[in-house]
$ cat work.txt   # compact mmCIF, C-alpha atoms
# COMPACT_ATOMS: atom_id res chain seq x y z
CA MET A 1 0.70 7.32 2.99
CA ILE A 2 0.19 8.64 6.50
CA HIS A 3 2.01 7.04 9.43
CA VAL A 4 -0.69 7.59 12.02
CA LEU A 5 -0.14 8.84 15.56
CA ASP A 6 -3.68 9.89 16.48
CA SER A 7 -6.90 11.12 14.87
CA ALA A 8 -5.92 14.79 14.82
CA GLN A 9 -2.57 14.11 13.16
CA ALA A 10 -4.16 11.73 10.65
CA LEU A 11 -6.85 14.24 9.72
CA ARG A 12 -4.37 17.09 9.42
CA ASN A 13 -2.30 15.11 6.94
CA LEU A 14 -5.31 13.71 5.13
CA ASP A 15 -6.59 17.23 4.60
CA LEU A 16 -3.26 18.15 3.02
CA CYS A 17 -3.69 15.25 0.60
CA ILE A 18 -7.25 16.28 -0.23
CA ALA A 19 -6.31 19.92 -0.75
CA ALA A 20 -3.47 18.92 -3.09
CA GLY A 21 -5.80 16.82 -5.21
CA CYS A 22 -4.22 13.50 -4.28
CA PRO A 23 -6.40 10.60 -5.51
CA GLY A 24 -6.40 8.99 -2.07
CA ALA A 25 -4.46 8.25 1.09
CA PHE A 26 -3.44 5.20 3.08
CA LEU A 27 -3.38 5.21 6.86
CA ILE A 28 -0.81 2.94 8.54
CA ASN A 29 -0.43 1.94 12.20
CA HIS A 30 3.36 1.93 12.15
CA ASP A 31 3.70 2.93 15.82
CA PHE A 32 1.10 0.78 17.60
CA ALA A 33 -1.02 -2.34 17.31
CA MET A 34 -4.08 -2.85 15.15
CA GLU A 35 -6.67 -2.69 17.94
CA PRO A 36 -6.11 0.96 18.97
CA PHE A 37 -5.91 1.85 15.28
CA LEU A 38 -9.55 0.91 14.65
CA PRO A 39 -11.19 3.75 16.61
CA ILE A 40 -8.88 6.20 14.84
CA LEU A 41 -10.08 4.85 11.49
CA SER A 42 -13.66 5.30 12.65
CA GLU A 43 -13.05 8.91 13.68
CA VAL A 44 -11.23 9.76 10.45
CA ARG A 45 -13.91 8.19 8.26
CA ALA A 46 -16.70 9.95 10.17
CA ALA A 47 -14.92 13.28 9.75
CA ARG A 48 -14.13 12.78 6.04
CA PRO A 49 -16.90 10.53 4.68
CA GLU A 50 -16.11 11.20 1.01
CA ALA A 51 -12.33 10.68 1.12
CA TRP A 52 -10.76 7.68 -0.60
CA LEU A 53 -9.11 5.82 2.26
CA GLY A 54 -6.92 2.76 2.27
CA VAL A 55 -5.33 1.09 5.26
CA ASN A 56 -2.32 -1.04 6.10
CA PHE A 57 -2.53 -3.06 9.32
CA LEU A 58 1.20 -3.34 9.82
CA ALA A 59 2.52 -6.90 9.45
CA GLN A 60 -0.99 -8.36 9.23
CA PRO A 61 -1.74 -10.52 6.18
CA GLY A 62 -5.16 -10.78 4.60
CA ASN A 63 -6.37 -13.70 6.71
CA ILE A 64 -6.22 -11.34 9.72
CA ALA A 65 -7.22 -8.14 7.96
CA PHE A 66 -10.20 -9.18 5.87
CA PRO A 67 -12.46 -10.33 8.74
CA VAL A 68 -11.73 -7.02 10.49
CA LEU A 69 -12.48 -5.06 7.32
CA GLY A 70 -15.70 -7.01 6.89
CA ASP A 71 -16.77 -6.17 10.44
CA LEU A 72 -15.98 -2.50 9.84
CA ALA A 73 -18.02 -2.53 6.64
CA ARG A 74 -21.02 -3.98 8.45
CA GLN A 75 -20.70 -1.16 10.97
CA GLY A 76 -20.91 1.31 8.09
CA LEU A 77 -17.19 2.16 8.08
CA ARG A 78 -16.03 2.15 4.48
CA ILE A 79 -12.41 1.33 3.75
CA ASP A 80 -11.63 1.56 0.05
CA ALA A 81 -8.46 -0.52 -0.09
CA TYR A 82 -6.28 -2.81 1.96
CA TRP A 83 -2.54 -3.03 1.45
CA ALA A 84 -0.81 -6.06 2.95
CA ASP A 85 2.96 -6.10 3.24
CA ASP A 86 2.98 -9.82 2.44
CA ALA A 87 0.46 -11.43 0.08
CA ARG A 88 1.83 -14.86 1.07
CA ILE A 89 2.98 -15.78 -2.42
CA ASP A 90 5.56 -18.55 -2.72
CA GLU A 91 7.32 -18.44 -6.06
CA ARG A 92 9.00 -21.77 -5.25
CA SER A 93 5.74 -23.70 -5.45
CA ALA A 94 3.29 -24.51 -8.22
CA ASN A 95 0.46 -24.07 -5.70
CA GLN A 96 -0.37 -21.14 -3.44
CA PRO A 97 -2.26 -22.57 -0.45
CA GLU A 98 -1.81 -19.51 1.79
CA ALA A 99 -2.92 -17.09 -0.92
CA GLU A 100 -5.86 -19.39 -1.73
CA ASP A 101 -6.87 -19.43 1.93
CA ILE A 102 -6.70 -15.64 2.07
CA ALA A 103 -8.83 -15.41 -1.07
CA HIS A 104 -11.54 -17.54 0.55
CA ILE A 105 -11.41 -15.49 3.74
CA ARG A 106 -11.64 -12.29 1.73
CA ALA A 107 -14.73 -13.55 -0.11
CA ALA A 108 -16.39 -14.70 3.11
CA SER A 109 -15.69 -11.39 4.87
CA GLY A 110 -18.04 -9.43 2.64
CA TRP A 111 -15.52 -6.62 2.26
CA ASN A 112 -15.36 -5.50 -1.38
CA GLY A 113 -12.47 -3.04 -1.50
CA LEU A 114 -9.23 -3.09 -3.48
CA TYR A 115 -6.61 -5.62 -2.37
CA ILE A 116 -2.99 -4.54 -2.81
CA GLY A 117 -0.48 -7.18 -1.80
CA GLY A 118 3.26 -7.18 -1.27
CA VAL A 119 5.34 -9.51 -3.45
CA ALA A 120 9.14 -9.70 -3.04
CA PHE A 121 8.53 -6.95 -0.50
CA LYS A 122 10.77 -5.33 2.11
CA LYS A 123 11.14 -7.02 5.51
CA GLN A 124 9.52 -10.24 4.23
CA ARG A 125 11.06 -13.51 3.11
CA GLU A 126 13.75 -12.65 0.59
CA VAL A 127 13.06 -13.56 -3.03
CA ALA A 128 15.99 -14.14 -5.37
CA PRO A 129 16.04 -11.67 -8.28
CA GLU A 130 15.91 -14.49 -10.81
CA ASP A 131 12.62 -15.56 -9.22
CA TYR A 132 10.91 -12.15 -9.48
CA PRO A 133 9.02 -13.08 -12.67
CA ALA A 134 7.68 -16.29 -11.13
CA ALA A 135 6.63 -14.46 -7.95
CA ALA A 136 4.85 -11.75 -9.89
CA ARG A 137 3.00 -14.16 -12.14
CA ALA A 138 2.01 -16.39 -9.21
CA ALA A 139 0.38 -13.39 -7.52
CA LEU A 140 -1.83 -12.42 -10.46
CA PRO A 141 -4.87 -14.57 -9.58
CA TYR A 142 -5.00 -13.34 -5.99
CA LEU A 143 -4.39 -9.60 -6.01
CA ASP A 144 -6.09 -6.56 -7.49
CA VAL A 145 -2.74 -4.76 -7.45
CA ILE A 146 0.70 -6.34 -7.09
CA CYS A 147 3.02 -4.23 -4.94
CA THR A 148 6.77 -4.48 -4.53
CA SER A 149 9.45 -2.33 -2.94
CA GLY A 150 13.08 -1.52 -2.32
CA VAL A 151 15.03 -3.28 0.40
CA ALA A 152 13.70 -1.13 3.27
CA THR A 153 11.51 1.83 4.14
CA GLY A 154 12.90 4.92 2.47
CA HIS A 155 15.13 2.91 0.10
CA ALA A 156 14.43 3.29 -3.59
CA ALA A 157 13.74 0.17 -5.61
CA ASP A 158 16.08 -0.87 -8.38
CA PRO A 159 14.37 0.28 -11.61
CA ALA A 160 15.49 -2.99 -13.18
CA LYS A 161 13.38 -4.86 -10.61
CA MET A 162 10.36 -2.79 -11.55
CA GLN A 163 10.93 -3.50 -15.24
CA VAL A 164 11.09 -7.23 -14.51
CA PHE A 165 7.79 -7.06 -12.65
CA ARG A 166 6.19 -5.03 -15.42
CA ASP A 167 7.36 -7.44 -18.08
CA ALA A 168 6.12 -10.41 -16.05
CA ILE A 169 2.59 -9.17 -15.46
CA GLY A 170 1.95 -7.16 -18.61
CA ASP A 171 -0.85 -4.63 -18.20
CA ALA A 172 -1.95 -5.84 -14.76
CA PRO A 173 -1.83 -3.14 -12.07
CA LEU A 174 1.55 -2.69 -10.39
CA ALA A 175 2.39 -0.58 -7.34
CA LEU A 176 5.67 0.51 -5.79
CA ALA A 177 6.21 1.32 -2.11
CA SER A 178 9.42 2.63 -0.53
CA GLY A 179 11.94 5.23 -1.52
CA ILE A 180 9.88 7.24 -3.99
CA THR A 181 10.61 10.97 -4.00
CA PRO A 182 9.57 13.82 -6.29
CA GLU A 183 13.10 13.66 -7.70
CA ASN A 184 13.14 9.96 -8.66
CA ALA A 185 9.44 9.51 -9.41
CA PRO A 186 9.95 10.18 -13.15
CA VAL A 187 12.05 6.99 -13.29
CA TYR A 188 9.21 4.85 -11.95
CA ALA A 189 6.18 6.60 -13.41
CA PRO A 190 6.29 4.77 -16.77
CA LEU A 191 6.51 1.39 -15.00
CA VAL A 192 3.85 1.52 -12.29
CA ASP A 193 0.18 2.33 -11.86
CA LEU A 194 0.31 3.29 -8.19
CA MET A 195 2.93 4.92 -5.97
CA LEU A 196 2.70 4.53 -2.20
CA VAL A 197 4.79 7.33 -0.73
CA ALA A 198 5.41 8.51 2.83
CA THR A 199 8.96 9.47 3.80
CA GLY A 200 9.66 10.85 0.34
CA ILE A 201 7.03 13.56 0.78
CA ASN A 202 7.39 14.16 4.50
CA PHE A 203 9.29 17.00 6.12
CA ASP A 204 12.98 16.15 6.53
CA GLY A 205 13.51 14.07 9.67
CA ASP A 206 9.76 13.84 10.32
CA PHE A 207 8.25 10.37 9.91
CA HIS A 208 4.67 11.49 10.51
CA ASN A 209 3.90 14.73 8.70
CA ILE A 210 3.59 15.53 5.00
CA ASP A 211 5.39 18.49 3.48
CA PRO A 212 2.81 20.12 1.15
CA ALA A 213 5.51 21.40 -1.19
CA ARG A 214 6.97 17.92 -1.68
CA LEU A 215 3.52 16.43 -2.15
CA ASP A 216 2.74 19.02 -4.82
CA ALA A 217 6.03 18.24 -6.57
CA LEU A 218 5.26 14.52 -6.59
CA LEU A 219 1.74 15.05 -7.90
CA ALA A 220 3.12 17.22 -10.69
CA VAL A 221 5.19 14.22 -11.81
CA THR A 222 2.28 11.78 -11.67
CA ARG A 223 -0.04 14.15 -13.54
CA THR A 224 2.51 14.65 -16.28
CA ALA A 225 2.98 10.89 -16.54
CA GLY A 226 -0.79 10.40 -16.74
CA GLU A 227 -1.14 12.95 -19.51
CA THR A 228 1.56 11.31 -21.61
CA ALA A 229 0.58 7.67 -20.98
$ encode --input "work.txt" --output "structure tokens"
Amino acid sequence: MIHVLDSAQALRNLDLCIAAGCPGAFLINHDFAMEPFLPILSEVRAARPEAWLGVNFLAQPGNIAFPVLGDLARQGLRIDAYWADDARIDERSANQPEAEDIAHIRAASGWNGLYIGGVAFKKQREVAPEDYPAAARAALPYLDVICTSGVATGHAADPAKMQVFRDAIGDAPLALASGITPENAPVYAPLVDLMLVATGINFDGDFHNIDPARLDALLAVTRTAGETA
């Protein structure tokens, strides 16, 4: 994951990911609003037309994001995946009206990328641990990939939480965001299908730039896990 500052910084870090053989990269507007982020996405896509690119519009759920992604697609700007911090799942209810509404908006938008949605995710409404299975199962009809996290950016998730999610959703795709490092990645690799990593592979004290050595170390873990799966 690349916390974007500008086009040059995004491309510099994206090229590190490409050179390392990373399957793809997410661009995130952590430091500014969505509107000035869009021209940066356009510049990055034009410069690297073959790269697998996902985006996170910070704090924007799918009902906001999908119409924008649809407009971008009609302009010829391909975005391969969208990751929302909050998929608007309510484990306390038998019905999911917000997630249903987002699903209809997604279909109407015409955007056909991968939808990764946060469930029991950092900085969102807190979900009680005993309700993790219900939250995970409720999300299954609405998401291509269910994503959960630790308590905050840079904080590792409790492996027990990840096991609960895995048990609840079976073989459905599961992602983890927050707190993954090359050192702890072997703990999570058997439990998840996708790791979203930023601070754990950045230079120490640098929120915006990837350390190639740490990226290589993380990819070594994921490749080993893939070979033994």
$ closest_atom_pairs --input "work.txt" --of "stretch 12-115 of chain A" --to "stretch 208-226 of chain A" --cutoff "12 Å" --atoms "only C-alpha atoms" --output "tab-separated table"
residue	atom	partner	partner_atom	distance
A:Arg12	CA	A:Asn209	CA	8.6
A:Asn13	CA	A:Ile210	CA	6.2
A:Leu14	CA	A:Ile210	CA	9.1
A:Asp15	CA	A:Ile210	CA	10.3
A:Leu16	CA	A:Pro212	CA	6.7
A:Cys17	CA	A:Leu215	CA	7.8
A:Ile18	CA	A:Pro212	CA	10.9
A:Ala19	CA	A:Pro212	CA	9.3
A:Ala20	CA	A:Asp216	CA	6.4
A:Gly21	CA	A:Leu219	CA	8.2
A:Cys22	CA	A:Leu219	CA	7.1
A:Pro23	CA	A:Leu219	CA	9.6
A:Gly24	CA	A:Leu219	CA	11.7
A:Ala25	CA	A:Ile210	CA	11.5
A:Leu27	CA	A:His208	CA	10.8
A:Ile28	CA	A:His208	CA	10.3
A:Asn29	CA	A:His208	CA	11.0
A:His30	CA	A:His208	CA	9.8
A:Asp31	CA	A:His208	CA	10.1
$ closest_atom_pairs --input "work.txt" --of "stretch 4-105 of chain A" --to "stretch 143-146 of chain A" --cutoff "10 Å" --atoms "all atoms listed in the file" --output "Markdown table"
| residue | atom | partner | partner_atom | distance |
| --- | --- | --- | --- | --- |
| A:Ala81 | CA | A:Asp144 | CA | 9.8 |
| A:Trp83 | CA | A:Val145 | CA | 9.1 |
| A:Ala87 | CA | A:Leu143 | CA | 8.0 |
| A:Ala99 | CA | A:Leu143 | CA | 9.2 |
| A:Ala103 | CA | A:Leu143 | CA | 8.8 |
$ atom_distance --input "work.txt" --atom1 "atom CA of A:Gly118" --atom2 "atom CA of A:Met195"
13.0 Å
$ atom_distance --input "work.txt" --atom1 "atom CA of A:Thr153" --atom2 "atom CA of A:Val197"
10.0 Å
$ closest_residue --input "work.txt" --among "A:Ile79, A:Leu69, A:Leu174, A:Met162" --to "A:Ile105" --atoms "all atoms listed in the file"
A:Leu69
$ residues_around --input "work.txt" --residues "A:Phe121" --least-positions-apart "2" --cutoff "6 Å" --atoms "only C-alpha atoms" --output "ChimeraX atom specification"
/A:118-119,124,148-149
$ build_atoms --input "work.txt" --residues "stretch 176-187 of chain A" --atoms "all heavy atoms" --output "short mmCIF file (atom, residue, chain, number, x, y, z; two decimals), in the coordinates of the input"
data_model
loop_
_atom_site.label_atom_id
_atom_site.label_comp_id
_atom_site.auth_asym_id
_atom_site.auth_seq_id
_atom_site.Cartn_x
_atom_site.Cartn_y
_atom_site.Cartn_z
N LEU A 176 4.35 0.44 -6.41
CA LEU A 176 5.67 0.51 -5.79
C LEU A 176 5.56 1.25 -4.48
O LEU A 176 4.95 2.33 -4.40
CB LEU A 176 6.66 1.23 -6.71
CG LEU A 176 8.04 1.55 -6.13
CD1 LEU A 176 8.77 0.27 -5.71
CD2 LEU A 176 8.88 2.33 -7.14
N ALA A 177 6.15 0.67 -3.43
CA ALA A 177 6.21 1.32 -2.11
C ALA A 177 7.65 1.31 -1.64
O ALA A 177 8.32 0.28 -1.76
CB ALA A 177 5.32 0.58 -1.11
N SER A 178 8.11 2.41 -1.14
CA SER A 178 9.42 2.63 -0.53
C SER A 178 10.33 3.43 -1.44
O SER A 178 10.52 3.09 -2.61
CB SER A 178 10.14 1.34 -0.09
OG SER A 178 10.92 0.78 -1.10
N GLY A 179 10.86 4.50 -0.89
CA GLY A 179 11.94 5.23 -1.52
C GLY A 179 11.57 6.16 -2.65
O GLY A 179 12.45 6.74 -3.29
N ILE A 180 10.28 6.32 -2.93
CA ILE A 180 9.88 7.24 -3.99
C ILE A 180 9.96 8.67 -3.48
O ILE A 180 9.51 8.98 -2.37
CB ILE A 180 8.46 6.94 -4.48
CG1 ILE A 180 8.36 5.52 -5.01
CG2 ILE A 180 8.03 7.93 -5.56
CD1 ILE A 180 6.95 5.07 -5.27
N THR A 181 10.53 9.54 -4.30
CA THR A 181 10.61 10.97 -4.00
C THR A 181 10.16 11.75 -5.23
O THR A 181 10.10 11.19 -6.34
CB THR A 181 12.05 11.38 -3.65
OG1 THR A 181 12.86 11.24 -4.83
CG2 THR A 181 12.63 10.52 -2.52
N PRO A 182 9.87 13.03 -5.09
CA PRO A 182 9.57 13.82 -6.29
C PRO A 182 10.72 13.79 -7.30
O PRO A 182 10.48 13.89 -8.51
CB PRO A 182 9.35 15.23 -5.73
CG PRO A 182 8.93 15.02 -4.31
CD PRO A 182 9.70 13.81 -3.85
N GLU A 183 11.94 13.63 -6.80
CA GLU A 183 13.10 13.66 -7.70
C GLU A 183 13.24 12.38 -8.52
O GLU A 183 13.63 12.43 -9.69
CB GLU A 183 14.37 13.90 -6.88
CG GLU A 183 14.47 15.28 -6.24
CD GLU A 183 13.58 15.45 -5.00
OE1 GLU A 183 13.23 14.42 -4.36
OE2 GLU A 183 13.23 16.60 -4.68
N ASN A 184 12.96 11.21 -7.91
CA ASN A 184 13.14 9.96 -8.66
C ASN A 184 11.85 9.41 -9.24
O ASN A 184 11.87 8.43 -10.00
CB ASN A 184 13.85 8.90 -7.82
CG ASN A 184 13.02 8.38 -6.65
OD1 ASN A 184 11.80 8.46 -6.63
ND2 ASN A 184 13.70 7.83 -5.64
N ALA A 185 10.72 10.02 -8.92
CA ALA A 185 9.44 9.51 -9.41
C ALA A 185 9.37 9.42 -10.94
O ALA A 185 8.75 8.48 -11.46
CB ALA A 185 8.29 10.37 -8.88
N PRO A 186 10.00 10.34 -11.70
CA PRO A 186 9.95 10.18 -13.15
C PRO A 186 10.55 8.87 -13.66
O PRO A 186 10.17 8.38 -14.73
CB PRO A 186 10.74 11.39 -13.67
CG PRO A 186 10.60 12.41 -12.60
CD PRO A 186 10.62 11.63 -11.32
N VAL A 187 11.46 8.27 -12.89
CA VAL A 187 12.05 6.99 -13.29
C VAL A 187 11.01 5.88 -13.23
O VAL A 187 10.97 4.98 -14.08
CB VAL A 187 13.25 6.66 -12.39
CG1 VAL A 187 13.79 5.26 -12.69
CG2 VAL A 187 14.35 7.71 -12.54
#
